[in-house]
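Data file: structure-v4.csv. Format and content: CSV, C-alpha atoms.
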chain,number,residue,atom,x,y,z
A,1,THR,CA,45.4,11.4,-22.8
A,2,GLY,CA,44.9,15.0,-22.1
A,3,ALA,CA,41.6,14.4,-20.3
A,4,THR,CA,43.2,11.9,-17.9
A,5,LEU,CA,46.1,14.3,-17.1
A,6,ALA,CA,43.6,17.1,-16.5
A,7,LEU,CA,41.5,14.9,-14.3
A,8,VAL,CA,44.5,13.8,-12.2
A,9,PHE,CA,45.7,17.4,-11.9
A,10,PHE,CA,42.3,18.7,-10.8
A,11,SER,CA,41.8,15.8,-8.4
A,12,PHE,CA,45.1,16.4,-6.7
A,13,SER,CA,44.7,20.2,-6.7
A,14,THR,CA,41.3,20.0,-5.1
A,15,ARG,CA,42.3,17.3,-2.6
A,16,PHE,CA,39.9,14.9,-4.3
A,17,THR,CA,42.7,12.3,-4.8
A,18,ALA,CA,40.7,9.2,-4.5
A,19,VAL,CA,39.1,9.7,-7.9
A,20,GLY,CA,42.4,10.5,-9.6
A,21,THR,CA,44.2,7.6,-8.0
A,22,LEU,CA,41.5,5.1,-8.8
A,23,ILE,CA,41.5,6.2,-12.5
A,24,VAL,CA,45.2,5.8,-12.8
A,25,ALA,CA,45.0,2.4,-11.2
A,26,LEU,CA,42.3,1.3,-13.5
A,27,HIS,CA,44.1,2.4,-16.6
A,28,ASP,CA,47.5,1.0,-15.5
A,29,PHE,CA,46.1,-2.5,-14.8
A,30,SER,CA,44.7,-2.8,-18.3
A,31,ASP,CA,47.8,-1.3,-19.8
A,32,ILE,CA,50.0,-3.9,-18.2
A,33,LEU,CA,48.0,-6.7,-19.7
A,34,LEU,CA,48.2,-5.1,-23.2
A,35,GLU,CA,52.0,-4.7,-22.9
A,36,VAL,CA,52.3,-8.4,-21.9
A,37,ALA,CA,50.3,-9.4,-25.0
A,38,LYS,CA,52.5,-7.2,-27.2
A,39,GLN,CA,55.6,-8.9,-25.8
A,40,PHE,CA,54.3,-12.3,-26.9
A,41,VAL,CA,53.5,-10.8,-30.3
A,42,TYR,CA,57.1,-9.6,-30.6
A,43,ARG,CA,58.3,-13.1,-29.5
A,44,GLY,CA,56.2,-14.7,-32.2
A,45,SER,CA,54.0,-16.6,-29.8
A,46,GLU,CA,50.6,-16.0,-31.3
A,47,PHE,CA,48.7,-18.3,-28.8
A,48,TRP,CA,49.9,-16.6,-25.7
A,49,ALA,CA,49.5,-13.2,-27.3
A,50,ASN,CA,45.9,-14.0,-28.0
A,51,VAL,CA,45.4,-15.3,-24.4
A,52,TRP,CA,46.8,-12.0,-23.0
A,53,PHE,CA,44.8,-10.0,-25.5
A,54,VAL,CA,41.6,-11.7,-24.3
A,55,LEU,CA,42.5,-10.9,-20.7
A,56,TRP,CA,43.2,-7.3,-21.7
A,57,VAL,CA,39.8,-7.0,-23.5
A,58,LEU,CA,38.0,-8.4,-20.5
A,59,SER,CA,39.8,-6.0,-18.1
A,60,TRP,CA,39.0,-3.2,-20.5
A,61,ILE,CA,35.3,-4.0,-20.5
A,62,VAL,CA,35.1,-4.6,-16.7
A,63,LEU,CA,37.3,-1.7,-15.6
A,64,ARG,CA,36.6,1.0,-18.1
A,65,LEU,CA,33.1,0.3,-19.3
A,66,MET,CA,31.5,-1.1,-16.1
A,67,TYR,CA,33.5,-0.2,-13.0
A,68,TYR,CA,34.5,3.3,-14.0
A,69,PRO,CA,31.1,4.7,-14.9
A,70,TYR,CA,29.1,2.8,-12.2
A,71,PHE,CA,31.4,3.4,-9.3
A,72,ILE,CA,33.9,6.2,-9.9
A,73,MET,CA,31.8,8.5,-12.1
A,74,TYR,CA,28.6,7.9,-10.0
A,75,GLY,CA,30.5,8.5,-6.8
A,76,ALA,CA,32.2,11.7,-8.0
A,77,ILE,CA,29.3,13.2,-9.8
A,78,TRP,CA,26.4,12.4,-7.4
A,79,VAL,CA,27.5,11.0,-4.1
A,80,SER,CA,30.5,13.2,-3.3
A,81,PRO,CA,28.8,16.6,-3.7
A,82,ASN,CA,25.9,15.5,-1.5
A,83,LYS,CA,28.2,14.3,1.3
A,84,LEU,CA,31.1,16.8,1.0
A,85,GLY,CA,29.5,19.7,-0.7
A,86,ALA,CA,30.7,21.5,-3.8
A,87,TYR,CA,34.5,21.9,-4.1
A,88,PRO,CA,36.7,24.1,-6.3
A,89,HIS,CA,36.9,23.0,-10.0
A,90,TYR,CA,34.0,20.6,-9.6
A,91,ALA,CA,32.7,21.4,-13.1
A,92,SER,CA,36.1,20.9,-14.7
A,93,CYS,CA,36.6,17.6,-13.0
A,94,MET,CA,33.1,16.4,-14.1
A,95,VAL,CA,33.8,17.5,-17.7
A,96,SER,CA,37.0,15.5,-17.6
A,97,LEU,CA,35.3,12.4,-16.1
A,98,ILE,CA,32.7,12.5,-18.8
A,99,THR,CA,35.2,13.2,-21.6
A,100,LEU,CA,37.3,10.2,-20.4
A,101,GLN,CA,34.2,8.0,-20.5
A,102,ILE,CA,33.4,9.2,-24.1
A,103,LEU,CA,37.0,8.3,-25.0
A,104,HIS,CA,36.5,4.8,-23.4
A,105,ILE,CA,33.5,4.3,-25.6
A,106,VAL,CA,35.2,5.4,-28.8
A,107,TRP,CA,38.2,3.2,-28.1
A,108,SER,CA,35.9,0.3,-27.3
A,109,VAL,CA,34.3,0.6,-30.7
A,110,MET,CA,37.7,0.5,-32.3
A,111,ILE,CA,38.6,-2.5,-30.2
A,112,ALA,CA,35.4,-4.2,-31.2
A,113,LYS,CA,36.1,-3.6,-34.9
A,114,MET,CA,39.6,-5.1,-34.5
A,115,ILE,CA,38.1,-8.2,-32.8
A,116,ILE,CA,35.6,-8.5,-35.7
A,117,ARG,CA,38.5,-8.4,-38.2
A,118,MET,CA,40.3,-11.1,-36.2
A,119,PHE,CA,37.3,-13.4,-36.3
A,120,THR,CA,36.8,-12.8,-40.0
A,121,GLY,CA,40.3,-14.0,-40.7
A,122,GLU,CA,42.0,-10.7,-41.4
A,123,LYS,CA,45.5,-10.4,-40.2
A,124,VAL,CA,45.5,-7.8,-37.4
A,125,ARG,CA,48.7,-5.9,-36.7
A,126,ASP,CA,49.8,-2.7,-35.0
A,127,THR,CA,49.9,-0.3,-37.9
A,128,ARG,CA,51.9,2.2,-35.9
A,129,GLU,CA,55.0,0.0,-36.2
A,130,ASP,CA,57.3,-1.1,-39.0
A,131,LYS,CA,58.3,-4.7,-39.7
A,132,ASP,CA,61.5,-4.2,-37.9
A,133,GLY,CA,59.7,-3.2,-34.7
A,134,LYS,CA,60.5,0.5,-34.8
A,135,LYS,CA,57.7,3.0,-34.4
A,136,LYS,CA,56.8,5.1,-37.5
A,137,LYS,CA,57.2,8.8,-37.3

Serialized structure, structure tokens:
Amino acid sequence: TGATLALVFFSFSTRFTAVGTLIVALHDFSDILLEVAKQFVYRGSEFWANVWFVLWVLSWIVLRLMYYPYFIMYGAIWVSPNKLGAYPHYASCMVSLITLQILHIVWSVMIAKMIIRMFTGEKVRDTREDKDGKKKK
């Protein structure tokens, strides 16, 4: 998203690369699990798709809703300024961190709704794709 790109840009431009690098790593790990789940969906293996989907949901919860706010945000917002002092673009980076966490929460609500639909027996599919696997425009 734009917030992530801005955060990475600001973290590198202010030599505060640890935060930007950790955020990219957190997001990439979860994304890999989701892509593996999608590959099993495309192959028609619903069991393995569900297994990888559960792993993705667990990684989402742990990395984006627990690890990110408790370690990365806390360290960047409160610990770092006390140890290193204020740095250029501090406010912009903090706004980006908070915006990203708000997006994590919004997306988590959407994921929870999808899981509820799965357990109520509704067929869940990626509405962004046609039946032939091509993305809609």

One-decimal distance in Å that lies between CA of Ala76 in chain A and CA of Thr99 in chain A: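 Between these atoms lies a distance of 14.0 Å.
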
Among listed residues A:Ile115, A:Leu33, A:Leu5, A:Leu65, nearest Gly20 in chain A (using all atoms listed in the file):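 Comparing A:Ile115, A:Leu33, A:Leu5, A:Leu65 against Gly20 in chain A, the winner is A:Leu5.
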
Atom pair CA of Trp107 in chain A / CA of Asp31 in chain A: separation (Å):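 Computed distance, CA of Trp107 in chain A to CA of Asp31 in chain A, equals 13.5 Å.
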
Test item: residues at most 9 Å from Phe29 in chain A, all atoms listed in the file, excluding those fewer than 4 positions along its chain, as a PDB file with C-alpha atoms, in the coordinates of the input:
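Below is the file selection_32.pdb, written as the result:
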ATOM      1  CA  VAL A  24      45.200   5.800 -12.800  1.00  0.00           C
ATOM      2  CA  ALA A  25      45.000   2.400 -11.200  1.00  0.00           C
ATOM      3  CA  LEU A  33      48.000  -6.700 -19.700  1.00  0.00           C
ATOM      4  CA  TRP A  56      43.200  -7.300 -21.700  1.00  0.00           C
ATOM      5  CA  SER A  59      39.800  -6.000 -18.100  1.00  0.00           C
ATOM      6  CA  LEU A  63      37.300  -1.700 -15.600  1.00  0.00           C
TER       7      LEU A  63
END

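The spacing separating CA of Leu100 in chain A from CA of Ala112 in chain A amounts to 18.1 Å.
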
Contact residues around range 10-12 of chain A with all atoms listed in the file at 12 Å, ignoring same-chain residues under 4 positions, as a ChimeraX atom specification: /A:3-6,16-24,76,87-97

Nearest candidate to Ile61 in chain A (options A:Ser45, A:Gln39, A:Ser30, A:Ser80; using all atoms listed in the file): A:Ser30

8 Å contact set for Gln101 in chain A, all atoms listed in the file, chain neighbours under 3 positions out, as a VMD selection string: chain A and resid 64 to 65 69 97 to 98 104 to 105

Within 10 Å of Ala49 in chain A using all atoms listed in the file, minus same-chain residues under 5 positions, as a list in words: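 Residues near the query, excluding close chain neighbours: Leu34, Glu35, Val36, Ala37, Lys38, Gln39, Phe40, Val41, Tyr42, Arg43, Gly44, Val54 and Leu55 of chain A.
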
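Residue nearest Ile72 in chain A within the list A:Met114, A:Leu58, A:Val51, A:Leu26: A:Leu26 [criterion: smallest interatomic distance, all atoms listed in the file].
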